[in-house]
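Colleague: Sharing structure15.csv, CSV, C-alpha atoms:
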chain,number,residue,atom,x,y,z
A,1,MET,CA,-4.3,-28.8,21.9
A,2,LYS,CA,-5.0,-25.1,22.4
A,3,TYR,CA,-4.3,-22.8,19.5
A,4,ILE,CA,-4.9,-19.2,18.3
A,5,GLU,CA,-6.5,-18.6,14.9
A,6,PRO,CA,-4.6,-15.4,14.0
A,7,HIS,CA,-6.5,-14.6,10.7
A,8,ALA,CA,-10.2,-15.6,10.1
A,9,HIS,CA,-13.1,-13.6,8.6
A,10,MET,CA,-15.7,-14.9,11.1
A,11,VAL,CA,-18.4,-12.5,9.9
A,12,SER,CA,-18.6,-14.8,6.8
A,13,ARG,CA,-18.8,-18.0,8.9
A,14,THR,CA,-21.5,-19.9,10.7
A,15,THR,CA,-22.0,-20.6,14.3
A,16,ASP,CA,-21.2,-24.3,13.5
A,17,ASP,CA,-17.7,-23.1,12.5
A,18,TYR,CA,-17.3,-21.4,15.9
A,19,ALA,CA,-18.4,-24.6,17.6
A,20,ALA,CA,-16.0,-26.8,15.6
A,21,MET,CA,-13.1,-24.3,16.3
A,22,ALA,CA,-13.9,-24.3,20.0
A,23,LEU,CA,-14.0,-28.1,20.1
A,24,ALA,CA,-10.6,-28.2,18.3
A,25,GLY,CA,-9.0,-26.0,21.0
A,26,CYS,CA,-9.3,-22.5,19.6
A,27,GLU,CA,-8.7,-19.9,22.4
A,28,ALA,CA,-8.8,-16.7,20.4
A,29,VAL,CA,-9.6,-15.6,16.9
A,30,CYS,CA,-8.3,-12.5,15.2
A,31,GLU,CA,-10.3,-11.0,12.3
A,32,PRO,CA,-8.7,-8.5,9.9
A,33,ALA,CA,-10.9,-6.2,8.0
A,34,PHE,CA,-11.3,-7.3,4.4
A,35,TRP,CA,-13.2,-7.0,1.2
A,36,ALA,CA,-16.8,-8.1,1.5
A,37,GLY,CA,-16.9,-9.7,-2.0
A,38,PHE,CA,-18.3,-6.5,-3.4
A,39,ASP,CA,-17.3,-2.9,-3.3
A,40,ARG,CA,-19.0,-0.8,-0.6
A,41,SER,CA,-20.6,2.3,-2.0
A,42,ALA,CA,-19.8,4.7,0.8
A,43,VAL,CA,-17.9,5.3,4.0
A,44,GLU,CA,-20.9,4.5,6.1
A,45,GLY,CA,-20.7,0.9,4.9
A,46,PHE,CA,-17.3,0.7,6.7
A,47,ARG,CA,-18.7,2.4,9.8
A,48,ASP,CA,-21.2,-0.5,10.0
A,49,TYR,CA,-18.6,-3.1,9.3
A,50,PHE,CA,-16.2,-1.7,12.0
A,51,SER,CA,-19.1,-1.7,14.4
A,52,GLN,CA,-19.8,-5.4,13.5
A,53,LEU,CA,-16.1,-6.3,14.1
A,54,THR,CA,-15.8,-4.4,17.4
A,55,GLU,CA,-19.2,-4.9,19.0
A,56,HIS,CA,-21.2,-7.8,17.5
A,57,GLU,CA,-18.7,-10.4,16.5
A,58,PRO,CA,-16.9,-10.6,20.0
A,59,LYS,CA,-20.3,-11.4,21.5
A,60,ARG,CA,-20.9,-14.2,18.9
A,61,ALA,CA,-17.5,-15.7,19.6
A,62,ALA,CA,-17.9,-15.4,23.4
A,63,LYS,CA,-20.9,-17.8,23.2
A,64,PHE,CA,-18.4,-20.5,22.3
A,65,GLY,CA,-15.8,-19.5,24.8
A,66,ILE,CA,-13.5,-17.9,22.2
A,67,LYS,CA,-12.0,-14.5,22.5
A,68,HIS,CA,-12.4,-12.3,19.5
A,69,PHE,CA,-10.0,-9.6,18.3
A,70,CYS,CA,-9.9,-7.5,15.1
A,71,TRP,CA,-7.8,-5.3,12.8
A,72,LEU,CA,-9.2,-2.3,11.0
A,73,CYS,CA,-8.4,-0.9,7.5
A,74,ILE,CA,-9.7,-0.5,4.0
A,75,ASN,CA,-8.7,-3.5,1.9
A,76,SER,CA,-6.5,-3.1,-1.2
A,77,LYS,CA,-9.3,-4.5,-3.4
A,78,GLU,CA,-11.2,-1.3,-2.7
A,79,ALA,CA,-8.2,1.0,-2.9
A,80,GLU,CA,-8.6,2.2,-6.5
A,81,ASP,CA,-11.2,4.7,-5.2
A,82,VAL,CA,-8.7,6.9,-3.4
A,83,LYS,CA,-11.3,9.4,-2.2
A,84,LEU,CA,-13.3,6.6,-0.5
A,85,ALA,CA,-10.1,5.2,1.0
A,86,GLU,CA,-9.2,8.6,2.5
A,87,GLU,CA,-12.7,8.8,4.1
A,88,VAL,CA,-12.3,5.3,5.5
A,89,ILE,CA,-8.8,6.1,6.8
A,90,ALA,CA,-10.2,9.2,8.5
A,91,LEU,CA,-12.9,7.1,10.2
A,92,ILE,CA,-10.6,4.4,11.6
A,93,PRO,CA,-9.1,6.4,14.6
A,94,LYS,CA,-12.6,6.6,16.1
A,95,PHE,CA,-12.5,2.8,16.5
A,96,LEU,CA,-8.9,2.3,17.6
A,97,ASP,CA,-9.7,2.6,21.3
A,98,ARG,CA,-12.2,-0.3,21.2
A,99,PRO,CA,-11.0,-3.1,23.5
A,100,ASN,CA,-10.6,-5.8,20.9
A,101,VAL,CA,-8.7,-3.8,18.2
A,102,LEU,CA,-5.2,-5.1,17.6
A,103,GLY,CA,-4.0,-2.7,14.9
A,104,ILE,CA,-4.2,-1.8,11.2
A,105,GLY,CA,-4.9,-4.7,8.8
A,106,GLU,CA,-5.1,-6.4,6.5
A,107,ILE,CA,-3.5,-3.6,4.4
A,108,GLY,CA,-1.4,-4.4,1.4
A,109,LEU,CA,-1.7,-4.8,-2.3
A,110,ASN,CA,-3.9,-6.8,-4.6
A,111,LYS,CA,-3.0,-6.0,-8.3
A,112,ASN,CA,0.0,-3.9,-7.4
A,113,SER,CA,-1.4,-0.7,-8.8
A,114,GLN,CA,-0.3,2.9,-8.2
A,115,ASN,CA,-3.5,3.7,-6.2
A,116,GLU,CA,-3.2,0.6,-4.1
A,117,LEU,CA,0.4,1.6,-3.3
A,118,ARG,CA,-0.7,5.1,-2.4
A,119,VAL,CA,-3.4,3.8,0.0
A,120,LEU,CA,-1.0,1.3,1.5
A,121,GLU,CA,1.4,4.2,2.3
A,122,MET,CA,-1.5,6.2,3.8
A,123,GLN,CA,-2.4,3.2,6.1
A,124,VAL,CA,1.2,2.6,7.1
A,125,ASP,CA,1.3,6.3,8.1
A,126,LEU,CA,-1.9,5.8,10.1
A,127,ALA,CA,-0.3,2.8,11.9
A,128,ALA,CA,2.8,4.8,12.7
A,129,LYS,CA,0.9,7.9,13.9
A,130,TYR,CA,-1.2,5.8,16.3
A,131,ASN,CA,1.6,3.3,17.2
A,132,GLN,CA,-0.4,0.3,16.0
A,133,LEU,CA,0.6,-3.2,14.9
A,134,ILE,CA,0.4,-3.9,11.2
A,135,LEU,CA,-1.0,-6.9,9.4
A,136,VAL,CA,-0.2,-7.1,5.7
A,137,HIS,CA,-2.1,-9.0,2.9
A,138,THR,CA,0.2,-10.0,0.0
A,139,PRO,CA,-1.4,-10.4,-3.4
A,140,HIS,CA,-2.6,-13.6,-5.0
A,141,LEU,CA,-0.9,-16.1,-7.3
A,142,GLU,CA,1.2,-14.4,-10.1
A,143,ASP,CA,1.0,-11.0,-8.3
A,144,LYS,CA,2.4,-12.2,-5.0
A,145,LEU,CA,6.2,-12.0,-5.7
A,146,LYS,CA,6.1,-8.4,-7.1
A,147,GLY,CA,3.6,-7.3,-4.5
A,148,THR,CA,5.6,-8.6,-1.6
A,149,ARG,CA,8.7,-6.8,-2.8
A,150,LEU,CA,6.7,-3.5,-3.3
A,151,ILE,CA,5.2,-3.9,0.2
A,152,LEU,CA,8.6,-4.5,1.9
A,153,ASP,CA,10.0,-1.4,0.1
A,154,VAL,CA,7.2,0.7,1.5
A,155,LEU,CA,7.6,-0.6,5.1
A,156,LYS,CA,11.4,-0.5,5.1
A,157,SER,CA,11.5,3.1,3.8
A,158,ASP,CA,9.3,4.3,6.7
A,159,LYS,CA,11.8,4.6,9.5
A,160,ARG,CA,9.0,4.8,12.1
A,161,ILE,CA,8.0,1.2,11.4
A,162,GLN,CA,9.5,-1.4,13.7
A,163,PRO,CA,9.8,-4.7,11.7
A,164,GLU,CA,9.0,-6.9,14.7
A,165,ARG,CA,5.6,-5.2,14.9
A,166,VAL,CA,4.7,-6.2,11.3
A,167,ILE,CA,3.3,-9.5,10.1
A,168,ILE,CA,3.4,-10.1,6.4
A,169,ASP,CA,0.7,-12.7,5.6
A,170,HIS,CA,0.1,-15.3,2.9
A,171,VAL,CA,3.8,-16.1,2.4
A,172,GLU,CA,4.8,-19.0,0.2
A,173,GLU,CA,8.0,-20.7,-0.7
A,174,HIS,CA,9.1,-17.8,-3.0
A,175,THR,CA,8.3,-15.0,-0.6
A,176,VAL,CA,8.9,-16.3,3.0
A,177,GLU,CA,12.7,-15.8,3.0
A,178,MET,CA,12.6,-12.1,2.0
A,179,VAL,CA,10.0,-11.4,4.7
A,180,LEU,CA,12.0,-13.1,7.5
A,181,ASP,CA,15.2,-11.5,6.2
A,182,ALA,CA,13.5,-8.1,6.6
A,183,GLY,CA,13.0,-8.8,10.4
A,184,MET,CA,9.2,-9.0,10.1
A,185,TRP,CA,6.9,-11.9,11.0
A,186,ALA,CA,5.6,-14.2,8.3
A,187,GLY,CA,2.1,-15.7,8.2
A,188,MET,CA,1.3,-18.9,6.2
A,189,THR,CA,-2.3,-19.2,5.0
A,190,LEU,CA,-3.6,-22.7,4.7
A,191,TYR,CA,-6.0,-23.0,1.8
A,192,PRO,CA,-7.2,-26.1,0.0
A,193,GLU,CA,-6.4,-24.8,-3.6
A,194,THR,CA,-4.3,-21.6,-3.4
A,195,LYS,CA,-1.6,-20.4,-1.0
A,196,CYS,CA,-0.2,-23.2,1.3
A,197,THR,CA,-1.4,-26.7,1.9
A,198,SER,CA,-0.8,-28.2,5.3
A,199,ALA,CA,2.1,-30.3,3.9
A,200,ARG,CA,3.8,-27.3,2.3
A,201,ALA,CA,3.4,-25.2,5.4
A,202,VAL,CA,5.2,-27.8,7.4
A,203,ASP,CA,7.9,-28.0,4.7
A,204,ILE,CA,8.4,-24.3,5.0
A,205,LEU,CA,8.8,-24.7,8.8
A,206,GLU,CA,11.3,-27.5,8.4
A,207,THR,CA,13.2,-25.4,5.8
A,208,TYR,CA,13.1,-21.9,7.4
A,209,GLY,CA,12.6,-22.7,11.1
A,210,SER,CA,9.8,-21.6,13.4
A,211,GLU,CA,11.0,-18.2,14.6
A,212,ARG,CA,8.6,-15.2,13.7
A,213,ILE,CA,6.2,-17.4,11.8
A,214,TRP,CA,2.6,-18.4,12.3
A,215,MET,CA,-0.2,-20.3,10.4
A,216,ASN,CA,-3.8,-19.3,9.8
A,217,SER,CA,-6.9,-20.5,8.0
A,218,ALA,CA,-7.9,-17.0,6.6
A,219,CYS,CA,-11.4,-18.7,6.4
A,220,ASP,CA,-13.9,-16.4,4.7
A,221,TRP,CA,-16.7,-16.6,2.2
A,222,GLY,CA,-14.6,-18.5,-0.3
A,223,VAL,CA,-13.1,-22.0,-0.5
A,224,SER,CA,-11.4,-22.2,2.9
A,225,ASP,CA,-11.3,-24.4,6.1
A,226,PRO,CA,-11.8,-22.9,9.6
A,227,LEU,CA,-10.0,-26.0,11.0
A,228,ALA,CA,-6.9,-25.6,8.8
A,229,VAL,CA,-4.6,-24.7,11.8
A,230,PRO,CA,-5.4,-27.8,14.0
A,231,LYS,CA,-5.3,-30.0,10.8
A,232,THR,CA,-1.8,-28.7,10.1
A,233,ALA,CA,-0.8,-29.4,13.7
A,234,LEU,CA,-1.9,-32.9,13.0
A,235,GLU,CA,0.3,-32.9,9.9
A,236,MET,CA,3.3,-31.9,12.1
A,237,LYS,CA,2.5,-34.6,14.6
A,238,LYS,CA,2.4,-37.2,11.7
A,239,ARG,CA,5.9,-36.1,10.8
A,240,GLY,CA,7.1,-36.6,14.3
A,241,HIS,CA,7.3,-33.0,15.5
A,242,LEU,CA,7.2,-32.8,19.2
A,243,GLU,CA,4.3,-31.3,21.1
A,244,ALA,CA,6.3,-28.3,22.3
A,245,ALA,CA,7.3,-27.5,18.7
A,246,ILE,CA,3.7,-27.6,17.5
A,247,GLU,CA,2.5,-25.5,20.5
A,248,LYS,CA,5.1,-22.9,19.6
A,249,VAL,CA,3.8,-22.4,16.0
A,250,ILE,CA,0.1,-22.6,16.7
A,251,PHE,CA,-0.1,-20.9,20.1
A,252,LEU,CA,3.0,-19.3,21.5
A,253,ASN,CA,4.2,-17.5,18.3
A,254,PRO,CA,0.9,-15.7,17.6
A,255,LYS,CA,0.6,-15.0,21.3
A,256,ASN,CA,4.0,-13.4,21.4
A,257,PHE,CA,3.4,-11.2,18.4
A,258,LEU,CA,-0.1,-10.2,19.3
A,259,GLU,CA,0.8,-9.4,22.9
A,260,GLN,CA,2.7,-6.4,21.5
A,261,SER,CA,-0.8,-4.9,21.5
A,262,PRO,CA,-2.0,-4.1,25.0
A,263,ASN,CA,-5.5,-5.3,24.0
A,264,PHE,CA,-4.5,-8.9,23.3
A,265,LYS,CA,-5.0,-11.2,26.2
A,266,THR,CA,-5.5,-14.9,26.4
A,267,GLY,CA,-6.6,-17.0,29.4
B,1,MET,CA,12.0,-37.8,8.7
B,2,THR,CA,14.0,-40.4,6.7
B,3,LYS,CA,13.4,-40.7,2.9
B,4,GLN,CA,11.6,-44.0,3.6
B,5,GLN,CA,9.3,-42.2,6.1
B,6,VAL,CA,8.6,-39.4,3.6
B,7,LEU,CA,7.8,-41.9,0.9
B,8,ASP,CA,5.6,-44.0,3.2
B,9,LEU,CA,3.6,-40.8,4.2
B,10,TYR,CA,3.4,-39.0,0.9
B,11,PHE,CA,4.1,-41.3,-2.1
B,12,LEU,CA,0.5,-42.3,-2.9
B,13,ASP,CA,-0.7,-38.7,-2.6
B,14,ALA,CA,2.0,-37.4,-4.9
B,15,ARG,CA,1.4,-40.2,-7.4
B,16,HIS,CA,-2.3,-39.3,-7.4
B,17,LYS,CA,-1.5,-35.7,-8.0
B,18,LEU,CA,1.0,-36.5,-10.8
B,19,ILE,CA,-1.6,-38.6,-12.7
B,20,GLU,CA,-4.2,-35.8,-12.3
B,21,LEU,CA,-1.6,-33.4,-13.8
B,22,ALA,CA,-1.0,-35.8,-16.7
B,23,ALA,CA,-4.7,-36.2,-17.3
B,24,PHE,CA,-5.2,-32.4,-17.3
B,25,LEU,CA,-2.5,-32.1,-20.0
B,26,ASP,CA,-4.2,-34.9,-22.0
B,27,ARG,CA,-7.5,-33.1,-21.6
B,28,VAL,CA,-6.2,-29.7,-22.8
B,29,GLU,CA,-4.3,-31.4,-25.7
B,30,ARG,CA,-7.4,-33.1,-27.1
B,31,ALA,CA,-9.5,-30.0,-26.8
B,32,ASP,CA,-10.1,-27.7,-29.8
B,33,GLY,CA,-8.7,-24.2,-29.9
B,34,LYS,CA,-5.5,-22.4,-29.2
B,35,ASP,CA,-3.1,-22.5,-26.2
B,36,ASP,CA,-2.9,-19.4,-24.1
B,37,PHE,CA,-0.3,-17.8,-21.8
B,38,ARG,CA,-1.4,-20.0,-18.9
B,39,LEU,CA,-0.5,-23.2,-20.7
B,40,GLU,CA,2.7,-21.7,-21.8
B,41,ALA,CA,3.5,-20.8,-18.1
B,42,PHE,CA,2.4,-24.3,-17.0
B,43,ARG,CA,4.8,-26.0,-19.5
B,44,SER,CA,7.6,-23.7,-18.3
B,45,ALA,CA,6.9,-24.6,-14.7
B,46,LEU,CA,6.9,-28.3,-15.5
B,47,THR,CA,10.6,-28.0,-16.5
B,48,LYS,CA,11.3,-27.0,-12.9
B,49,LEU,CA,10.3,-30.5,-11.6
B,50,ASP,CA,13.1,-32.3,-13.4
B,51,GLY,CA,16.3,-33.4,-11.7
B,52,LYS,CA,17.5,-33.5,-8.1
B,53,LYS,CA,17.9,-29.8,-7.6
B,54,MET,CA,16.3,-28.4,-4.4
B,55,ASN,CA,13.6,-25.6,-4.2
B,56,LYS,CA,11.3,-27.1,-6.8
B,57,ALA,CA,8.2,-25.5,-5.2
B,58,LYS,CA,9.8,-22.1,-5.1
B,59,ASN,CA,11.0,-22.4,-8.7
B,60,VAL,CA,7.5,-23.4,-9.9
B,61,LEU,CA,6.0,-20.4,-8.1
B,62,LEU,CA,8.6,-18.1,-9.7
B,63,ALA,CA,7.8,-19.5,-13.1
B,64,PHE,CA,4.2,-18.3,-12.7
B,65,SER,CA,5.1,-15.0,-11.2
B,66,ASP,CA,5.1,-11.4,-12.6
B,67,PRO,CA,8.8,-10.6,-12.7
B,68,THR,CA,8.4,-6.9,-13.2
B,69,SER,CA,9.0,-4.3,-10.5
B,70,LYS,CA,6.9,-1.2,-11.3
B,71,PRO,CA,3.3,-0.7,-10.1
B,72,ILE,CA,0.7,-0.9,-12.8
B,73,ALA,CA,-1.2,2.3,-13.7
B,74,LYS,CA,-4.6,1.0,-12.6
B,75,ALA,CA,-6.2,-2.2,-11.3
B,76,THR,CA,-9.0,-3.0,-13.8
B,77,VAL,CA,-9.8,-6.4,-12.3
B,78,LYS,CA,-9.8,-7.7,-8.8
B,79,GLY,CA,-8.7,-11.3,-9.3
B,80,ALA,CA,-5.6,-13.2,-10.3
B,81,CYS,CA,-5.5,-15.9,-13.0
B,82,GLY,CA,-2.5,-17.9,-11.8
B,83,ALA,CA,0.0,-17.0,-14.5
B,84,PHE,CA,1.7,-13.8,-15.7
B,85,ILE,CA,0.8,-12.5,-19.2
B,86,LYS,CA,4.1,-11.6,-20.8
Let's see the structure in the file written out as structure tokens.

Modeller:
Amino acid sequence: MKYIEPHAHMVSRTTDDYAAMALAGCEAVCEPAFWAGFDRSAVEGFRDYFSQLTEHEPKRAAKFGIKHFCWLCINSKEAEDVKLAEEVIALIPKFLDRPNVLGIGEIGLNKNSQNELRVLEMQVDLAAKYNQLILVHTPHLEDKLKGTRLILDVLKSDKRIQPERVIIDHVEEHTVEMVLDAGMWAGMTLYPETKCTSARAVDILETYGSERIWMNSACDWGVSDPLAVPKTALEMKKRGHLEAAIEKVIFLNPKNFLEQSPNFKTG
Amino acid sequence: MTKQQVLDLYFLDARHKLIELAAFLDRVERADGKDDFRLEAFRSALTKLDGKKMNKAKNVLLAFSDPTSKPIAKATVKGACGAFIK
């Protein structure tokens, strides 16, 4: 069954992963800008990274018949250095007219600090000024509940932001309801150890419905599975969900959200 | 799905995870040293599993969560450890 992988850090993955995803039915992959696993020392590191996301990675994906799109930002893990963040944010508009750019993301919070919040507000402002979609990372583990609340407060207080143009990612059972109630989209990340397992993701769908919600693998350089989305489709099938219901969650929902960007096109 | 179908599909997996959890608690009990905030949070989360009330997964997640609302002054680490230090 065809699907869209709406959140994957393919710069950290192998060509074998691209091949496996293509075989599993992946039509398009969307890559938010993220933390490299270490702090970059200067804005030029981000210029190179944004070039990689907008020039090199689409060519890698195309070799496997997969369309590649990306999101640009400075990740919250590097937001304590506000001066660096300001330099990176000033750089981003130079890349926004690249044909595979979908918006600003994954912005958000990590440890819920004052500087992270300030940089989040700056990037929400950037998205509003350039009329860009927004993809938000919510914090990990014990920090997720508080971080999700703080993020929603920032987004709701900026009247330029249209909730239906925002996806709040990495929701779990304790945060999904507040995101959907705010009129925004919710992303469930399928991880083997943290965030959602396939079974829990399907539980959330069965509890909260399948409107404004998608699933992603968020595969990167850590413990993660680039085939998590098709494996969760199989979980839905095992529980008796109909093919149309599965297609809605793994293909039509991400397509409908992402098509709000004129750059997003599938075959 | 019916209850029977859920049990057929998930019982053995859940049983396996419950025994792993019990073995973890045995392991930590027989180890030397003191408990810390993580074990305290873990024990608090375990109480959310009892009974027939709904939203057990949500309540377990809430038991591990930071309940405060103000941003912290500065992030001194990047990672999360899984439980809030009270």

Colleague: If we count all atoms listed in the file and set the cut-off at 12 Å, which residues sit around Leu9 in chain B, ignoring sequence neighbours fewer than 3 positions away in its own chain? Please answer as JSON, numbers by chain.

Modeller: {"A": [199, 235, 236, 238, 239, 240], "B": [1, 2, 3, 4, 5, 6, 12, 13, 14, 15]}

Colleague: Pick out the residues sitting within 10 Å of range 148-150 of chain A, and hand them over as number ranges by chain; count all atoms listed in the file, and ignore anything fewer than 2 positions along from it in its own chain.

Modeller: A: 108-109, 112, 117, 136-139, 143-146, 152-155, 168-171, 174-176, 178-179; B: 69-71

Colleague: Env of range 210-220 of chain A: 6 Å cut, atoms = all atoms listed in the file, seq-sep filter 2 positions within chain, self excluded. Answer as a list in words.

Modeller: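 Contacts, in chain order: Glu5, Pro6, His7, Ala8, His9, Ser12, Trp185, Ala186, Gly187, Met188, Thr189, Leu190, Leu205, Gly222, Ser224, Asp225, Pro226, Ala228, Val229 and Val249 of chain A.
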
Colleague: When you get a sec, could you note down which chain B residues fall within 12 Å of chain A, using only C-alpha atoms, as a PyMOL selection string?

Modeller: chain B and resi 1-3+5-10+13-14+38+41+54-86

Colleague: As a list in words, please: the residues near Ala62 in chain A (cut-off 12 Å, only C-alpha atoms, same-chain neighbours under 2 positions excluded).

Modeller: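 Listing them by chain and then by number gives Thr15, Tyr18, Ala19, Ala22, Cys26, Glu27, Ala28, Val29, Glu55, His56, Glu57, Pro58, Lys59, Arg60, Phe64, Gly65, Ile66, Lys67, His68 and Phe69 of chain A.
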
Colleague: Using only C-alpha atoms for the distances, tell me which of A:Met122, A:Ile92, A:Ala233, A:Ala36 is nearest to Phe251 in chain A.

Modeller: A:Ala233

Colleague: Tell me, as number ranges by chain, which residues lie within 10 Å of Val101 in chain A, counting all atoms listed in the file; anything in the same chain fewer than 6 positions away does not count.

Modeller: A: 30-32, 50, 53-54, 68-72, 95, 132-133, 261-264

Colleague: Report, in Å to a single decimal, how far apart CA of Gly103 in chain A and CA of Gly37 in chain A are.

Modeller: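 Straight-line distance from CA of Gly37 in chain A to CA of Gly103 in chain A works out to 22.4 Å.
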
Colleague: Work out how far CA of Phe37 in chain B is from CA of His16 in chain B, in Å to one decimal.

Modeller: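 CA of Phe37 in chain B lies 26.0 Å from CA of His16 in chain B.
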
Colleague: Report, in Å to a single decimal, how far apart CA of Ala85 in chain A and CA of Asp39 in chain A are.

Modeller: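 Result for CA of Asp39 in chain A versus CA of Ala85 in chain A: 11.7 Å, one decimal.
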
Colleague: With all atoms listed in the file as the basis for distance, which of A:Ala201, A:Met21, A:Leu84, A:Leu252 is at the shortest distance from Glu44 in chain A?

Modeller: A:Leu84

Colleague: For a quick check of understanding, using only C-alpha atoms, which of A:Lys195, A:Lys265, A:Arg165, A:Lys94 has the smallest distance to Arg47 in chain A?

Modeller: A:Lys94
